[in-house]
>>> print(open('data09.cif').read())   # mmCIF, C-alpha atoms
data_work
#
loop_
_atom_site.group_PDB
_atom_site.id
_atom_site.type_symbol
_atom_site.label_atom_id
_atom_site.label_comp_id
_atom_site.auth_asym_id
_atom_site.auth_seq_id
_atom_site.Cartn_x
_atom_site.Cartn_y
_atom_site.Cartn_z
ATOM 1 C CA MET A 1 -78.808 -6.663 -28.028
ATOM 2 C CA ILE A 2 -77.205 -3.278 -27.457
ATOM 3 C CA GLU A 3 -78.620 -0.149 -25.852
ATOM 4 C CA LEU A 4 -78.407 3.072 -27.868
ATOM 5 C CA THR A 5 -79.724 6.619 -27.421
ATOM 6 C CA LYS A 6 -81.795 8.558 -29.940
ATOM 7 C CA LEU A 7 -81.134 12.288 -30.369
ATOM 8 C CA ASN A 8 -84.159 13.065 -28.139
ATOM 9 C CA ASP A 9 -82.461 11.121 -25.278
ATOM 10 C CA VAL A 10 -84.803 8.129 -25.591
ATOM 11 C CA LYS A 11 -82.907 4.896 -25.001
ATOM 12 C CA PHE A 12 -83.746 1.804 -27.020
ATOM 13 C CA THR A 13 -82.403 -1.701 -27.468
ATOM 14 C CA LEU A 14 -81.273 -2.820 -30.897
ATOM 15 C CA ASN A 15 -80.505 -6.282 -32.233
ATOM 16 C CA ALA A 16 -76.771 -6.003 -32.920
ATOM 17 C CA ASP A 17 -76.953 -8.791 -35.499
ATOM 18 C CA ALA A 18 -79.327 -6.705 -37.637
ATOM 19 C CA ILE A 19 -76.805 -3.875 -38.144
ATOM 20 C CA GLU A 20 -75.570 -3.546 -41.705
ATOM 21 C CA VAL A 21 -73.728 -0.168 -41.631
ATOM 22 C CA VAL A 22 -72.703 2.428 -39.034
ATOM 23 C CA GLU A 23 -71.560 5.808 -40.366
ATOM 24 C CA GLU A 24 -70.924 9.316 -39.075
ATOM 25 C CA THR A 25 -72.342 12.047 -41.312
ATOM 26 C CA PRO A 26 -71.573 13.854 -38.784
ATOM 27 C CA ASP A 27 -74.476 12.306 -36.815
ATOM 28 C CA THR A 28 -74.121 8.589 -36.263
ATOM 29 C CA VAL A 29 -76.511 6.697 -38.528
ATOM 30 C CA VAL A 30 -77.118 2.996 -37.900
ATOM 31 C CA THR A 31 -78.586 1.223 -40.922
ATOM 32 C CA LEU A 32 -80.141 -2.214 -40.526
ATOM 33 C CA GLY A 33 -80.204 -4.972 -43.111
ATOM 34 C CA ASN A 34 -83.884 -4.251 -43.761
ATOM 35 C CA GLY A 35 -83.132 -0.598 -44.624
ATOM 36 C CA HIS A 36 -84.394 0.970 -41.391
ATOM 37 C CA LYS A 37 -82.142 3.765 -40.120
ATOM 38 C CA PHE A 38 -81.593 5.154 -36.640
ATOM 39 C CA ILE A 39 -79.741 8.361 -35.777
ATOM 40 C CA VAL A 40 -78.063 7.907 -32.400
ATOM 41 C CA LYS A 41 -75.985 9.943 -29.957
ATOM 42 C CA GLU A 42 -73.245 7.326 -29.650
ATOM 43 C CA SER A 43 -70.261 7.638 -31.968
ATOM 44 C CA ARG A 44 -69.507 5.078 -34.656
ATOM 45 C CA GLN A 45 -66.682 3.741 -32.494
ATOM 46 C CA GLU A 46 -68.952 3.457 -29.432
ATOM 47 C CA VAL A 47 -71.510 1.464 -31.444
ATOM 48 C CA THR A 48 -68.717 -0.765 -32.731
ATOM 49 C CA ASN A 49 -67.444 -1.325 -29.185
ATOM 50 C CA LEU A 50 -70.948 -2.144 -27.912
ATOM 51 C CA VAL A 51 -71.381 -4.742 -30.658
ATOM 52 C CA LYS A 52 -67.986 -6.259 -29.832
ATOM 53 C CA LEU A 53 -68.822 -6.458 -26.125
ATOM 54 C CA TYR A 54 -72.187 -8.024 -26.898
ATOM 55 C CA ARG A 55 -70.616 -10.691 -29.095
ATOM 56 C CA GLN A 56 -67.811 -11.367 -26.635
ATOM 57 C CA SER A 57 -70.330 -11.951 -23.858
ATOM 58 C CA LEU A 58 -72.466 -14.144 -26.108
ATOM 59 C CA PHE A 59 -69.594 -16.307 -27.313
ATOM 60 C CA GLY A 60 -68.013 -16.345 -23.866
ATOM 61 C CA ASP A 61 -71.219 -17.897 -22.495
ATOM 62 C CA ILE A 62 -71.215 -20.501 -25.288
ATOM 63 C CA ILE A 63 -67.566 -21.423 -24.674
ATOM 64 C CA ARG A 64 -68.164 -21.727 -20.915
ATOM 65 C CA GLN A 65 -71.152 -23.990 -21.565
ATOM 66 C CA ILE A 66 -69.103 -26.219 -23.884
ATOM 67 C CA ARG A 67 -66.335 -26.499 -21.286
ATOM 68 C CA GLU A 68 -68.851 -27.439 -18.590
ATOM 69 C CA ASP A 69 -70.330 -30.213 -20.739
#
>>> encode(input="data09.cif", output="structure tokens")
Amino acid sequence: MIELTKLNDVKFTLNADAIEVVEETPDTVVTLGNGHKFIVKESRQEVTNLVKLYRQSLFGDIIRQIRED
């Protein structure tokens, strides 16, 4: 899950695995696999970085668990 900000400054949490497309038009539009769209304040690159960090933390936890077992 990643935290993003709508244009009205409301923060929300989005399932990063549901993201299909992120584009700047010039606003950043996040489109989910189900067709829902969100316009957010973060840039395309910021959204990309948040997804990467989320996945790194997720897989890092899995790898640590495997090593402990």
>>> residues_around(input="data09.cif", residues="region 54-61 of chain A", least_positions_apart="6", cutoff="9 Å", atoms="all atoms listed in the file", output="MDAnalysis selection string")
chainID A and resid 1:2 16
>>> atom_distance(input="data09.cif", atom1="CA of Val30 (chain A)", atom2="CA of Arg44 (chain A)")
8.5 Å
>>> atom_distance(input="data09.cif", atom1="CA of Lys37 (chain A)", atom2="CA of Val10 (chain A)")
15.4 Å
>>> atom_distance(input="data09.cif", atom1="CA of Leu7 (chain A)", atom2="CA of Glu24 (chain A)")
13.7 Å
>>> residues_around(input="data09.cif", residues="Phe12 (chain A)", least_positions_apart="3", cutoff="10 Å", atoms="all atoms listed in the file", output="PyMOL selection string")
chain A and resi 1-6+9+40
>>> closest_residue(input="data09.cif", among="A:Ile39, A:Gln45, A:Arg67, A:Ile62", to="Lys11 (chain A)", atoms="all atoms listed in the file")
A:Ile39
>>> build_atoms(input="data09.cif", residues="region 8-32 of chain A", atoms="N, CA, C and O atoms", output="PDB file, in the coordinates of the input")
ATOM      1  N   ASN A   8     -83.255  12.476 -29.132  1.00  0.00           N
ATOM      2  CA  ASN A   8     -84.159  13.065 -28.139  1.00  0.00           C
ATOM      3  C   ASN A   8     -83.976  12.443 -26.752  1.00  0.00           C
ATOM      4  O   ASN A   8     -84.835  12.578 -25.889  1.00  0.00           O
ATOM      5  N   ASP A   9     -82.851  11.761 -26.550  1.00  0.00           N
ATOM      6  CA  ASP A   9     -82.461  11.121 -25.278  1.00  0.00           C
ATOM      7  C   ASP A   9     -83.271   9.888 -24.921  1.00  0.00           C
ATOM      8  O   ASP A   9     -83.169   9.393 -23.802  1.00  0.00           O
ATOM      9  N   VAL A  10     -84.058   9.369 -25.837  1.00  0.00           N
ATOM     10  CA  VAL A  10     -84.803   8.129 -25.591  1.00  0.00           C
ATOM     11  C   VAL A  10     -83.873   6.949 -25.849  1.00  0.00           C
ATOM     12  O   VAL A  10     -83.276   6.840 -26.924  1.00  0.00           O
ATOM     13  N   LYS A  11     -83.743   6.089 -24.848  1.00  0.00           N
ATOM     14  CA  LYS A  11     -82.907   4.896 -25.001  1.00  0.00           C
ATOM     15  C   LYS A  11     -83.736   3.779 -25.610  1.00  0.00           C
ATOM     16  O   LYS A  11     -84.928   3.674 -25.365  1.00  0.00           O
ATOM     17  N   PHE A  12     -83.080   2.958 -26.428  1.00  0.00           N
ATOM     18  CA  PHE A  12     -83.746   1.804 -27.020  1.00  0.00           C
ATOM     19  C   PHE A  12     -82.739   0.682 -27.184  1.00  0.00           C
ATOM     20  O   PHE A  12     -81.526   0.903 -27.161  1.00  0.00           O
ATOM     21  N   THR A  13     -83.250  -0.524 -27.321  1.00  0.00           N
ATOM     22  CA  THR A  13     -82.403  -1.701 -27.468  1.00  0.00           C
ATOM     23  C   THR A  13     -82.496  -2.183 -28.904  1.00  0.00           C
ATOM     24  O   THR A  13     -83.588  -2.313 -29.460  1.00  0.00           O
ATOM     25  N   LEU A  14     -81.346  -2.446 -29.496  1.00  0.00           N
ATOM     26  CA  LEU A  14     -81.273  -2.820 -30.897  1.00  0.00           C
ATOM     27  C   LEU A  14     -80.590  -4.182 -31.038  1.00  0.00           C
ATOM     28  O   LEU A  14     -79.604  -4.469 -30.347  1.00  0.00           O
ATOM     29  N   ASN A  15     -81.120  -4.992 -31.932  1.00  0.00           N
ATOM     30  CA  ASN A  15     -80.505  -6.282 -32.233  1.00  0.00           C
ATOM     31  C   ASN A  15     -79.197  -6.024 -32.983  1.00  0.00           C
ATOM     32  O   ASN A  15     -79.201  -5.590 -34.128  1.00  0.00           O
ATOM     33  N   ALA A  16     -78.083  -6.282 -32.333  1.00  0.00           N
ATOM     34  CA  ALA A  16     -76.771  -6.003 -32.920  1.00  0.00           C
ATOM     35  C   ALA A  16     -76.531  -6.797 -34.199  1.00  0.00           C
ATOM     36  O   ALA A  16     -75.804  -6.347 -35.082  1.00  0.00           O
ATOM     37  N   ASP A  17     -77.150  -7.965 -34.308  1.00  0.00           N
ATOM     38  CA  ASP A  17     -76.953  -8.791 -35.499  1.00  0.00           C
ATOM     39  C   ASP A  17     -77.665  -8.233 -36.722  1.00  0.00           C
ATOM     40  O   ASP A  17     -77.389  -8.656 -37.841  1.00  0.00           O
ATOM     41  N   ALA A  18     -78.573  -7.286 -36.517  1.00  0.00           N
ATOM     42  CA  ALA A  18     -79.327  -6.705 -37.637  1.00  0.00           C
ATOM     43  C   ALA A  18     -78.606  -5.517 -38.268  1.00  0.00           C
ATOM     44  O   ALA A  18     -79.018  -5.025 -39.322  1.00  0.00           O
ATOM     45  N   ILE A  19     -77.514  -5.057 -37.639  1.00  0.00           N
ATOM     46  CA  ILE A  19     -76.805  -3.875 -38.144  1.00  0.00           C
ATOM     47  C   ILE A  19     -76.053  -4.220 -39.424  1.00  0.00           C
ATOM     48  O   ILE A  19     -75.307  -5.191 -39.484  1.00  0.00           O
ATOM     49  N   GLU A  20     -76.259  -3.395 -40.423  1.00  0.00           N
ATOM     50  CA  GLU A  20     -75.570  -3.546 -41.705  1.00  0.00           C
ATOM     51  C   GLU A  20     -74.424  -2.530 -41.815  1.00  0.00           C
ATOM     52  O   GLU A  20     -73.321  -2.871 -42.206  1.00  0.00           O
ATOM     53  N   VAL A  21     -74.715  -1.243 -41.478  1.00  0.00           N
ATOM     54  CA  VAL A  21     -73.728  -0.168 -41.631  1.00  0.00           C
ATOM     55  C   VAL A  21     -73.865   0.821 -40.481  1.00  0.00           C
ATOM     56  O   VAL A  21     -74.975   1.124 -40.048  1.00  0.00           O
ATOM     57  N   VAL A  22     -72.719   1.330 -39.995  1.00  0.00           N
ATOM     58  CA  VAL A  22     -72.703   2.428 -39.034  1.00  0.00           C
ATOM     59  C   VAL A  22     -71.799   3.501 -39.633  1.00  0.00           C
ATOM     60  O   VAL A  22     -70.657   3.232 -39.991  1.00  0.00           O
ATOM     61  N   GLU A  23     -72.347   4.722 -39.771  1.00  0.00           N
ATOM     62  CA  GLU A  23     -71.560   5.808 -40.366  1.00  0.00           C
ATOM     63  C   GLU A  23     -71.797   7.103 -39.607  1.00  0.00           C
ATOM     64  O   GLU A  23     -72.830   7.273 -38.973  1.00  0.00           O
ATOM     65  N   GLU A  24     -70.804   7.990 -39.680  1.00  0.00           N
ATOM     66  CA  GLU A  24     -70.924   9.316 -39.075  1.00  0.00           C
ATOM     67  C   GLU A  24     -71.016  10.337 -40.203  1.00  0.00           C
ATOM     68  O   GLU A  24     -70.138  10.388 -41.065  1.00  0.00           O
ATOM     69  N   THR A  25     -72.087  11.153 -40.167  1.00  0.00           N
ATOM     70  CA  THR A  25     -72.342  12.047 -41.312  1.00  0.00           C
ATOM     71  C   THR A  25     -72.678  13.490 -40.963  1.00  0.00           C
ATOM     72  O   THR A  25     -73.406  14.092 -41.763  1.00  0.00           O
ATOM     73  N   PRO A  26     -72.371  14.216 -39.960  1.00  0.00           N
ATOM     74  CA  PRO A  26     -71.573  13.854 -38.784  1.00  0.00           C
ATOM     75  C   PRO A  26     -72.367  13.100 -37.718  1.00  0.00           C
ATOM     76  O   PRO A  26     -71.771  12.509 -36.823  1.00  0.00           O
ATOM     77  N   ASP A  27     -73.720  13.129 -37.765  1.00  0.00           N
ATOM     78  CA  ASP A  27     -74.476  12.306 -36.815  1.00  0.00           C
ATOM     79  C   ASP A  27     -74.216  10.839 -37.105  1.00  0.00           C
ATOM     80  O   ASP A  27     -73.932  10.464 -38.241  1.00  0.00           O
ATOM     81  N   THR A  28     -74.316  10.020 -36.078  1.00  0.00           N
ATOM     82  CA  THR A  28     -74.121   8.589 -36.263  1.00  0.00           C
ATOM     83  C   THR A  28     -75.426   7.975 -36.751  1.00  0.00           C
ATOM     84  O   THR A  28     -76.455   8.087 -36.095  1.00  0.00           O
ATOM     85  N   VAL A  29     -75.351   7.337 -37.912  1.00  0.00           N
ATOM     86  CA  VAL A  29     -76.511   6.697 -38.528  1.00  0.00           C
ATOM     87  C   VAL A  29     -76.268   5.196 -38.542  1.00  0.00           C
ATOM     88  O   VAL A  29     -75.264   4.731 -39.090  1.00  0.00           O
ATOM     89  N   VAL A  30     -77.190   4.457 -37.921  1.00  0.00           N
ATOM     90  CA  VAL A  30     -77.118   2.996 -37.900  1.00  0.00           C
ATOM     91  C   VAL A  30     -78.158   2.496 -38.895  1.00  0.00           C
ATOM     92  O   VAL A  30     -79.344   2.777 -38.755  1.00  0.00           O
ATOM     93  N   THR A  31     -77.693   1.771 -39.911  1.00  0.00           N
ATOM     94  CA  THR A  31     -78.586   1.223 -40.922  1.00  0.00           C
ATOM     95  C   THR A  31     -78.677  -0.283 -40.732  1.00  0.00           C
ATOM     96  O   THR A  31     -77.659  -0.969 -40.622  1.00  0.00           O
ATOM     97  N   LEU A  32     -79.914  -0.785 -40.685  1.00  0.00           N
ATOM     98  CA  LEU A  32     -80.141  -2.214 -40.526  1.00  0.00           C
ATOM     99  C   LEU A  32     -80.225  -2.894 -41.883  1.00  0.00           C
ATOM    100  O   LEU A  32     -80.405  -2.242 -42.910  1.00  0.00           O
TER     101      LEU A  32
END
